[in-house]
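Enquirer: Structure in structure tokens, see below.
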Amino acid sequence: PPSVNRRMMKKHFTYKSNKQIWRILISESDKLILETRDTNTKEVFFNCYYIESGENIFCNFQLDEKCWIGIEEIYKDIIFFHYFPKPDMPHHKGIIAFDITSQNILWTNNEFSFLFTSDEKVYGFKQGFEERYFSSLDYLSGELIEEFGSDHIKINALQKSAENEKDWSSYLYPKIFSNDEIDSRIAEAIRRQTNNTSVEGEVEYNSKNGLLFFNYHIKVFENSFVNKFLAVDLNSNNVILSEILNANASALFTDSFFIYKKYLFLLREKNEVIIYKLE
């Protein structure tokens with residue numbers, strides 16, 4: 001009989017930190033941006049890689065403000081950062097435009113708060129005594145383009161339009177498995193792998209090109225769970241990848257994996273990202 005062509009998954013590259021991975025973001029030009037935080041000092045660091053080559057663009061980059069800062073959005077390879085005005089206040093203030101390619105800050109505006117980007121403009125607002133006053137700025141220079149006063153109806157319409165223009169088709173996120181799964185191959189594969197285990201919480205899964213990806217938690221003892229990830233070839237039923245994502249988790253983790261284009265991203269132990277190439 002002809003030999004079964006066993007599908008493989010090739011590890012593309014791994015990022016591991018001694019800090020906690022806070023956010024994983026991907027730019028339109030396939031650059032991977034990782035925000036990490038030191039949970040003791042509260043300092044935040046930013047790392048950037050070309051996904052295709054795995055080559056590092058910058059490592060442990062920090063701004064002048066080392067703690068109370070975060071990313072709003074990445075637009076056309078510009079990272080827009082914001083400040084947290086007070087540690088205990090979740091709202092955002094200020095806009096810092098940082099160019100990934102030149103690794104320079106292009107402009108800063110401390111009076112505006114970021115809303116969204118569209119059509120090479122950054123939309124933001126100044127907080128008045130009772131109302132917000134909206135404007136658009138040039139995304140590369142920060143120069144004022146248009147003022148909208150307190151016309152939140154217009155801004156809401158522009159924001160909705162900008163959201164609708166975003167293309168998320170390259171991303172595949174996990175779904176929650178349920179007993180009414182219509183693809184019997186998926187249902188059977190998940191049940192086959194989880195039947196003799198004490199699964200806690202939900203099984204999260206998705207599939208692409210005949211491959212099934214899913215993760216689930218097994219209770220070890222009280223408040224201790226193992227988070228296990230599997231990739232199964234639905235044609236052969238072979239398990240082609242098995243990873244322990246959390247060996248001793250005190251809670252159930254959601255969104256432990258996602259797929260972007262031909263890459264599988266796994267988040268392991270809060271401080272490691274493993275990227276596999278889907279052949």
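Residues are referred to by chain and number: the chain letter is A, B, ... according to the order shown in the structure tokens, the number counts from 1 in that chain, and ligands are numbered separately from 1 in the order shown.
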According to DSSP computed on the backbone, where in region 141-260 of chain A is there helix (DSSP H, G or I)? Give the residues as a count of residues only.

Expert: 25

Enquirer: Please list as number ranges by chain every residue within 10 Å of region 186-198 of chain A, counting only C-alpha atoms and excluding residues in the same chain fewer than 4 positions away.

Expert: A: 177-182, 203-207, 210-220, 230, 232-234, 237-239

Enquirer: Write the residues you've just listed into a file as a PDB file, in the first residue's frame, and include N, CA and C atoms for each of them.

Expert:
```pdb
ATOM      1  N   PHE A 177     -15.813  24.867  21.658  1.00  0.00           N
ATOM      2  CA  PHE A 177     -16.387  23.624  21.151  1.00  0.00           C
ATOM      3  C   PHE A 177     -17.688  23.303  21.875  1.00  0.00           C
ATOM      4  N   SER A 178     -18.698  22.893  21.102  1.00  0.00           N
ATOM      5  CA  SER A 178     -19.963  22.472  21.709  1.00  0.00           C
ATOM      6  C   SER A 178     -20.420  21.160  21.079  1.00  0.00           C
ATOM      7  N   ASN A 179     -21.337  20.487  21.739  1.00  0.00           N
ATOM      8  CA  ASN A 179     -21.792  19.178  21.277  1.00  0.00           C
ATOM      9  C   ASN A 179     -22.559  19.238  19.965  1.00  0.00           C
ATOM     10  N   ASP A 180     -22.977  20.437  19.554  1.00  0.00           N
ATOM     11  CA  ASP A 180     -23.680  20.508  18.274  1.00  0.00           C
ATOM     12  C   ASP A 180     -22.756  20.935  17.126  1.00  0.00           C
ATOM     13  N   GLU A 181     -21.452  20.673  17.284  1.00  0.00           N
ATOM     14  CA  GLU A 181     -20.486  20.908  16.199  1.00  0.00           C
ATOM     15  C   GLU A 181     -20.929  20.131  14.955  1.00  0.00           C
ATOM     16  N   ILE A 182     -21.061  20.848  13.825  1.00  0.00           N
ATOM     17  CA  ILE A 182     -21.619  20.200  12.637  1.00  0.00           C
ATOM     18  C   ILE A 182     -20.594  19.359  11.874  1.00  0.00           C
ATOM     19  N   VAL A 203     -13.355  23.588  25.799  1.00  0.00           N
ATOM     20  CA  VAL A 203     -12.356  23.236  24.790  1.00  0.00           C
ATOM     21  C   VAL A 203     -12.414  24.321  23.721  1.00  0.00           C
ATOM     22  N   GLU A 204     -11.286  24.936  23.420  1.00  0.00           N
ATOM     23  CA  GLU A 204     -11.230  25.980  22.395  1.00  0.00           C
ATOM     24  C   GLU A 204     -10.562  25.407  21.149  1.00  0.00           C
ATOM     25  N   TYR A 205     -11.138  25.699  19.966  1.00  0.00           N
ATOM     26  CA  TYR A 205     -10.631  25.060  18.751  1.00  0.00           C
ATOM     27  C   TYR A 205     -10.850  25.946  17.523  1.00  0.00           C
ATOM     28  N   ASN A 206     -10.142  25.588  16.462  1.00  0.00           N
ATOM     29  CA  ASN A 206     -10.453  26.070  15.120  1.00  0.00           C
ATOM     30  C   ASN A 206      -9.727  25.163  14.145  1.00  0.00           C
ATOM     31  N   SER A 207     -10.050  25.287  12.861  1.00  0.00           N
ATOM     32  CA  SER A 207      -9.420  24.406  11.875  1.00  0.00           C
ATOM     33  C   SER A 207      -9.062  25.200  10.629  1.00  0.00           C
ATOM     34  N   GLY A 210      -7.605  21.400   6.645  1.00  0.00           N
ATOM     35  CA  GLY A 210      -7.621  20.003   7.081  1.00  0.00           C
ATOM     36  C   GLY A 210      -6.884  19.743   8.375  1.00  0.00           C
ATOM     37  N   LEU A 211      -6.451  20.802   9.051  1.00  0.00           N
ATOM     38  CA  LEU A 211      -5.803  20.657  10.358  1.00  0.00           C
ATOM     39  C   LEU A 211      -6.726  21.212  11.443  1.00  0.00           C
ATOM     40  N   LEU A 212      -6.817  20.487  12.535  1.00  0.00           N
ATOM     41  CA  LEU A 212      -7.615  20.908  13.689  1.00  0.00           C
ATOM     42  C   LEU A 212      -6.660  21.349  14.799  1.00  0.00           C
ATOM     43  N   PHE A 213      -6.928  22.506  15.384  1.00  0.00           N
ATOM     44  CA  PHE A 213      -6.120  23.041  16.488  1.00  0.00           C
ATOM     45  C   PHE A 213      -7.033  23.204  17.698  1.00  0.00           C
ATOM     46  N   PHE A 214      -6.626  22.692  18.848  1.00  0.00           N
ATOM     47  CA  PHE A 214      -7.479  22.897  20.025  1.00  0.00           C
ATOM     48  C   PHE A 214      -6.667  22.797  21.313  1.00  0.00           C
ATOM     49  N   ASN A 215      -7.187  23.450  22.348  1.00  0.00           N
ATOM     50  CA  ASN A 215      -6.544  23.330  23.649  1.00  0.00           C
ATOM     51  C   ASN A 215      -7.615  23.174  24.725  1.00  0.00           C
ATOM     52  N   TYR A 216      -7.204  22.541  25.806  1.00  0.00           N
ATOM     53  CA  TYR A 216      -8.130  22.266  26.912  1.00  0.00           C
ATOM     54  C   TYR A 216      -7.336  22.159  28.210  1.00  0.00           C
ATOM     55  N   HIS A 217      -8.051  22.237  29.315  1.00  0.00           N
ATOM     56  CA  HIS A 217      -7.420  22.171  30.638  1.00  0.00           C
ATOM     57  C   HIS A 217      -7.775  20.868  31.331  1.00  0.00           C
ATOM     58  N   ILE A 218      -6.775  20.282  31.968  1.00  0.00           N
ATOM     59  CA  ILE A 218      -6.982  19.082  32.783  1.00  0.00           C
ATOM     60  C   ILE A 218      -6.718  19.474  34.244  1.00  0.00           C
ATOM     61  N   LYS A 219      -7.648  19.121  35.094  1.00  0.00           N
ATOM     62  CA  LYS A 219      -7.470  19.439  36.515  1.00  0.00           C
ATOM     63  C   LYS A 219      -6.498  18.431  37.129  1.00  0.00           C
ATOM     64  N   VAL A 220      -5.463  18.939  37.774  1.00  0.00           N
ATOM     65  CA  VAL A 220      -4.485  18.072  38.420  1.00  0.00           C
ATOM     66  C   VAL A 220      -4.881  17.894  39.889  1.00  0.00           C
ATOM     67  N   LEU A 230      -3.202  20.687  21.108  1.00  0.00           N
ATOM     68  CA  LEU A 230      -2.968  19.642  20.119  1.00  0.00           C
ATOM     69  C   LEU A 230      -3.302  20.146  18.722  1.00  0.00           C
ATOM     70  N   VAL A 232      -4.225  18.241  15.065  1.00  0.00           N
ATOM     71  CA  VAL A 232      -4.561  16.927  14.510  1.00  0.00           C
ATOM     72  C   VAL A 232      -4.814  17.069  13.018  1.00  0.00           C
ATOM     73  N   ASP A 233      -4.216  16.159  12.244  1.00  0.00           N
ATOM     74  CA  ASP A 233      -4.518  16.075  10.812  1.00  0.00           C
ATOM     75  C   ASP A 233      -5.849  15.344  10.673  1.00  0.00           C
ATOM     76  N   LEU A 234      -6.865  16.050  10.195  1.00  0.00           N
ATOM     77  CA  LEU A 234      -8.206  15.464  10.140  1.00  0.00           C
ATOM     78  C   LEU A 234      -8.330  14.353   9.101  1.00  0.00           C
ATOM     79  N   ASN A 237      -6.066  11.517  11.064  1.00  0.00           N
ATOM     80  CA  ASN A 237      -6.280  11.460  12.522  1.00  0.00           C
ATOM     81  C   ASN A 237      -4.972  11.426  13.311  1.00  0.00           C
ATOM     82  N   ASN A 238      -3.856  11.731  12.658  1.00  0.00           N
ATOM     83  CA  ASN A 238      -2.584  11.788  13.377  1.00  0.00           C
ATOM     84  C   ASN A 238      -2.485  13.068  14.190  1.00  0.00           C
ATOM     85  N   VAL A 239      -1.978  12.952  15.415  1.00  0.00           N
ATOM     86  CA  VAL A 239      -1.623  14.140  16.194  1.00  0.00           C
ATOM     87  C   VAL A 239      -0.264  14.607  15.686  1.00  0.00           C
TER      88      VAL A 239
END
```

Enquirer: What lies within 9 Å of region 154-167 of chain A using only C-alpha atoms, ignoring chain neighbours under 4 positions off, as a list in words?

Expert: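 What passes the distance filter is Leu115, Phe116, Thr117, Ser118, Asp119, Tyr123, Phe134, Phe148 and Ser150 of chain A.
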
Enquirer: If we count only C-alpha atoms, what is near Phe98 (chain A) at a cut-off of 12 Å, once residues fewer than 2 positions away on the same chain are taken out, given as a VMD selection string?

Expert: chain A and resid 46 61 to 63 71 to 82 95 to 96 100 to 108 139 to 142

Enquirer: Take the selection from the previous step and output its residues with N, CA and C atoms, as a PDB file, in the first residue's frame.

Expert:
```pdb
ATOM      1  N   PHE A  46       9.128  46.822  24.697  1.00  0.00           N
ATOM      2  CA  PHE A  46       8.536  46.489  23.408  1.00  0.00           C
ATOM      3  C   PHE A  46       9.584  45.806  22.532  1.00  0.00           C
ATOM      4  N   PHE A  61      12.779  47.675  23.824  1.00  0.00           N
ATOM      5  CA  PHE A  61      12.709  49.130  23.640  1.00  0.00           C
ATOM      6  C   PHE A  61      11.820  49.735  24.727  1.00  0.00           C
ATOM      7  N   GLN A  62      12.270  50.870  25.282  1.00  0.00           N
ATOM      8  CA  GLN A  62      11.458  51.601  26.253  1.00  0.00           C
ATOM      9  C   GLN A  62      11.379  53.067  25.854  1.00  0.00           C
ATOM     10  N   LEU A  63      10.272  53.696  26.208  1.00  0.00           N
ATOM     11  CA  LEU A  63      10.142  55.137  26.030  1.00  0.00           C
ATOM     12  C   LEU A  63      10.593  55.828  27.319  1.00  0.00           C
ATOM     13  N   ILE A  71       0.121  50.580  24.037  1.00  0.00           N
ATOM     14  CA  ILE A  71      -0.095  50.743  22.594  1.00  0.00           C
ATOM     15  C   ILE A  71      -1.579  50.924  22.321  1.00  0.00           C
ATOM     16  N   GLU A  72      -1.902  51.946  21.534  1.00  0.00           N
ATOM     17  CA  GLU A  72      -3.271  52.120  21.052  1.00  0.00           C
ATOM     18  C   GLU A  72      -3.504  51.279  19.800  1.00  0.00           C
ATOM     19  N   GLU A  73      -2.605  51.461  18.823  1.00  0.00           N
ATOM     20  CA  GLU A  73      -2.802  50.813  17.518  1.00  0.00           C
ATOM     21  C   GLU A  73      -1.502  50.864  16.743  1.00  0.00           C
ATOM     22  N   ILE A  74      -1.371  49.947  15.783  1.00  0.00           N
ATOM     23  CA  ILE A  74      -0.275  50.028  14.817  1.00  0.00           C
ATOM     24  C   ILE A  74      -0.921  50.308  13.463  1.00  0.00           C
ATOM     25  N   TYR A  75      -0.513  51.391  12.829  1.00  0.00           N
ATOM     26  CA  TYR A  75      -1.116  51.812  11.563  1.00  0.00           C
ATOM     27  C   TYR A  75       0.001  52.160  10.591  1.00  0.00           C
ATOM     28  N   LYS A  76       0.059  51.443   9.469  1.00  0.00           N
ATOM     29  CA  LYS A  76       1.086  51.683   8.436  1.00  0.00           C
ATOM     30  C   LYS A  76       2.494  51.736   9.042  1.00  0.00           C
ATOM     31  N   ASP A  77       2.791  50.770   9.917  1.00  0.00           N
ATOM     32  CA  ASP A  77       4.102  50.631  10.577  1.00  0.00           C
ATOM     33  C   ASP A  77       4.458  51.786  11.519  1.00  0.00           C
ATOM     34  N   ILE A  78       3.438  52.531  11.945  1.00  0.00           N
ATOM     35  CA  ILE A  78       3.620  53.514  13.017  1.00  0.00           C
ATOM     36  C   ILE A  78       2.892  52.975  14.256  1.00  0.00           C
ATOM     37  N   ILE A  79       3.611  52.895  15.361  1.00  0.00           N
ATOM     38  CA  ILE A  79       2.976  52.501  16.626  1.00  0.00           C
ATOM     39  C   ILE A  79       2.502  53.770  17.323  1.00  0.00           C
ATOM     40  N   PHE A  80       1.231  53.805  17.670  1.00  0.00           N
ATOM     41  CA  PHE A  80       0.687  54.926  18.433  1.00  0.00           C
ATOM     42  C   PHE A  80       0.560  54.507  19.896  1.00  0.00           C
ATOM     43  N   PHE A  81       1.389  55.145  20.717  1.00  0.00           N
ATOM     44  CA  PHE A  81       1.392  54.872  22.158  1.00  0.00           C
ATOM     45  C   PHE A  81       0.496  55.880  22.882  1.00  0.00           C
ATOM     46  N   HIS A  82       0.096  55.513  24.089  1.00  0.00           N
ATOM     47  CA  HIS A  82      -0.661  56.429  24.957  1.00  0.00           C
ATOM     48  C   HIS A  82      -0.080  56.352  26.367  1.00  0.00           C
ATOM     49  N   ILE A  95      -0.690  61.141  22.732  1.00  0.00           N
ATOM     50  CA  ILE A  95      -0.398  60.293  21.567  1.00  0.00           C
ATOM     51  C   ILE A  95       1.087  60.427  21.249  1.00  0.00           C
ATOM     52  N   ILE A  96       1.759  59.299  21.145  1.00  0.00           N
ATOM     53  CA  ILE A  96       3.166  59.277  20.735  1.00  0.00           C
ATOM     54  C   ILE A  96       3.245  58.418  19.480  1.00  0.00           C
ATOM     55  N   ILE A 100       8.317  52.297  13.249  1.00  0.00           N
ATOM     56  CA  ILE A 100       9.034  51.022  13.426  1.00  0.00           C
ATOM     57  C   ILE A 100      10.298  50.987  12.577  1.00  0.00           C
ATOM     58  N   THR A 101      10.206  51.454  11.326  1.00  0.00           N
ATOM     59  CA  THR A 101      11.327  51.329  10.387  1.00  0.00           C
ATOM     60  C   THR A 101      12.544  52.143  10.837  1.00  0.00           C
ATOM     61  N   SER A 102      12.332  53.413  11.171  1.00  0.00           N
ATOM     62  CA  SER A 102      13.470  54.261  11.572  1.00  0.00           C
ATOM     63  C   SER A 102      13.736  54.179  13.078  1.00  0.00           C
ATOM     64  N   GLN A 103      12.798  53.596  13.816  1.00  0.00           N
ATOM     65  CA  GLN A 103      12.859  53.519  15.289  1.00  0.00           C
ATOM     66  C   GLN A 103      12.992  54.908  15.920  1.00  0.00           C
ATOM     67  N   ASN A 104      12.284  55.855  15.322  1.00  0.00           N
ATOM     68  CA  ASN A 104      12.255  57.225  15.840  1.00  0.00           C
ATOM     69  C   ASN A 104      10.840  57.603  16.243  1.00  0.00           C
ATOM     70  N   ILE A 105      10.748  58.469  17.254  1.00  0.00           N
ATOM     71  CA  ILE A 105       9.461  59.081  17.582  1.00  0.00           C
ATOM     72  C   ILE A 105       9.230  60.211  16.574  1.00  0.00           C
ATOM     73  N   LEU A 106       8.134  60.108  15.812  1.00  0.00           N
ATOM     74  CA  LEU A 106       7.853  61.106  14.766  1.00  0.00           C
ATOM     75  C   LEU A 106       7.226  62.360  15.359  1.00  0.00           C
ATOM     76  N   TRP A 107       6.315  62.171  16.326  1.00  0.00           N
ATOM     77  CA  TRP A 107       5.672  63.326  16.963  1.00  0.00           C
ATOM     78  C   TRP A 107       4.982  62.883  18.246  1.00  0.00           C
ATOM     79  N   THR A 108       4.746  63.854  19.093  1.00  0.00           N
ATOM     80  CA  THR A 108       4.049  63.623  20.361  1.00  0.00           C
ATOM     81  C   THR A 108       3.009  64.720  20.531  1.00  0.00           C
ATOM     82  N   TYR A 139      -1.163  61.498  10.263  1.00  0.00           N
ATOM     83  CA  TYR A 139      -0.575  60.382  11.026  1.00  0.00           C
ATOM     84  C   TYR A 139       0.949  60.409  11.050  1.00  0.00           C
ATOM     85  N   LEU A 140       1.577  61.045  10.043  1.00  0.00           N
ATOM     86  CA  LEU A 140       3.044  61.093   9.997  1.00  0.00           C
ATOM     87  C   LEU A 140       3.639  62.316  10.684  1.00  0.00           C
ATOM     88  N   SER A 141       2.910  63.446  10.640  1.00  0.00           N
ATOM     89  CA  SER A 141       3.476  64.691  11.187  1.00  0.00           C
ATOM     90  C   SER A 141       2.795  65.136  12.481  1.00  0.00           C
ATOM     91  N   GLY A 142       1.584  64.668  12.711  1.00  0.00           N
ATOM     92  CA  GLY A 142       0.823  65.117  13.879  1.00  0.00           C
ATOM     93  C   GLY A 142       0.176  66.478  13.685  1.00  0.00           C
TER      94      GLY A 142
END
```

Enquirer: Report, in Å to a single decimal, how far apart CA of Ser170 (chain A) and CA of Ile51 (chain A) are.

Expert: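 For CA of Ile51 (chain A) relative to CA of Ser170 (chain A), the distance reads 13.8 Å.
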
Enquirer: So what do you get for CA of Ala251 (chain A) versus CA of Lys19 (chain A), distance-wise?

Expert: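 The value is 19.1 Å.
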
Enquirer: So that I can check the secondary structure, give me every residue of region 15-171 of chain A assigned strand (DSSP E or B) by backbone DSSP, as a count of residues only.

Expert: 82

Enquirer: How close does region 46-84 of chain A get to region 265-279 of chain A? List, as a Markdown table, each residue of region 46-84 of chain A within 12 Å, its nearest atom pair and the distance in Å to one decimal, counting only C-alpha atoms.

Expert:
```
| residue | atom | partner | partner_atom | distance |
| --- | --- | --- | --- | --- |
| A:Tyr49 | CA | A:Ile275 | CA | 11.9 |
| A:Ile51 | CA | A:Ile275 | CA | 8.9 |
| A:Glu52 | CA | A:Lys277 | CA | 9.7 |
| A:Ser53 | CA | A:Lys277 | CA | 11.4 |
| A:Gly54 | CA | A:Ile275 | CA | 9.5 |
```

Enquirer: Near Trp22 (chain A), within 8 Å and counting only C-alpha atoms, which residues show up once chain neighbours fewer than 6 positions away are dropped, as a list in words?

Expert: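 Skipping anything fewer than 6 positions along the chain leaves Leu34, Glu35, Thr36 and Arg37 of chain A.
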
Enquirer: Selection from above, all heavy atoms, as a compact mmCIF listing (two decimals), in the first residue's frame, can you write it?

Expert:
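Writing the result to selection_34.txt gives the following:
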```
# COMPACT_ATOMS: atom_id res chain seq x y z
N LEU A 34 5.63 42.69 20.37
CA LEU A 34 5.34 42.05 21.65
C LEU A 34 5.55 43.06 22.77
O LEU A 34 6.63 43.65 22.89
CB LEU A 34 6.25 40.84 21.87
CG LEU A 34 6.12 39.73 20.82
CD1 LEU A 34 7.30 38.79 20.87
CD2 LEU A 34 4.83 38.96 21.01
N GLU A 35 4.50 43.26 23.55
CA GLU A 35 4.60 44.14 24.72
C GLU A 35 4.80 43.25 25.95
O GLU A 35 4.02 42.34 26.20
CB GLU A 35 3.31 44.96 24.87
CG GLU A 35 3.29 45.86 26.09
CD GLU A 35 1.96 46.62 26.23
OE1 GLU A 35 1.36 46.99 25.20
OE2 GLU A 35 1.53 46.82 27.38
N THR A 36 5.89 43.51 26.68
CA THR A 36 6.15 42.73 27.90
C THR A 36 6.23 43.66 29.10
O THR A 36 6.62 44.83 28.96
CB THR A 36 7.46 41.92 27.78
OG1 THR A 36 8.57 42.83 27.68
CG2 THR A 36 7.46 41.01 26.58
N ARG A 37 5.85 43.13 30.23
CA ARG A 37 5.88 43.92 31.46
C ARG A 37 6.56 43.16 32.57
O ARG A 37 6.34 41.97 32.75
CB ARG A 37 4.46 44.31 31.89
CG ARG A 37 3.85 45.39 31.02
CD ARG A 37 2.49 45.85 31.47
NE ARG A 37 1.97 46.86 30.53
CZ ARG A 37 2.08 48.16 30.67
NH1 ARG A 37 2.67 48.66 31.75
NH2 ARG A 37 1.60 48.99 29.77
```

Enquirer: Between CA of Lys42 (chain A) and CA of Ser256 (chain A), measure the distance and give it in Å to one decimal.

Expert: 23.1 Å

Enquirer: A:Cys59, A:Val199, A:Leu144, A:Leu172: which is nearest Lys262 (chain A), counting only C-alpha atoms?

Expert: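 Comparing A:Cys59, A:Val199, A:Leu144, A:Leu172 against Lys262 (chain A), the winner is A:Leu172.
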
Enquirer: From the options A:Ile176, A:Ile24, A:Tyr15, A:Tyr83, which residue's atoms come nearest to Asn56 (chain A), counting only C-alpha atoms?

Expert: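 Between A:Ile176, A:Ile24, A:Tyr15, A:Tyr83, the residue approaching Asn56 (chain A) most closely is A:Tyr15.
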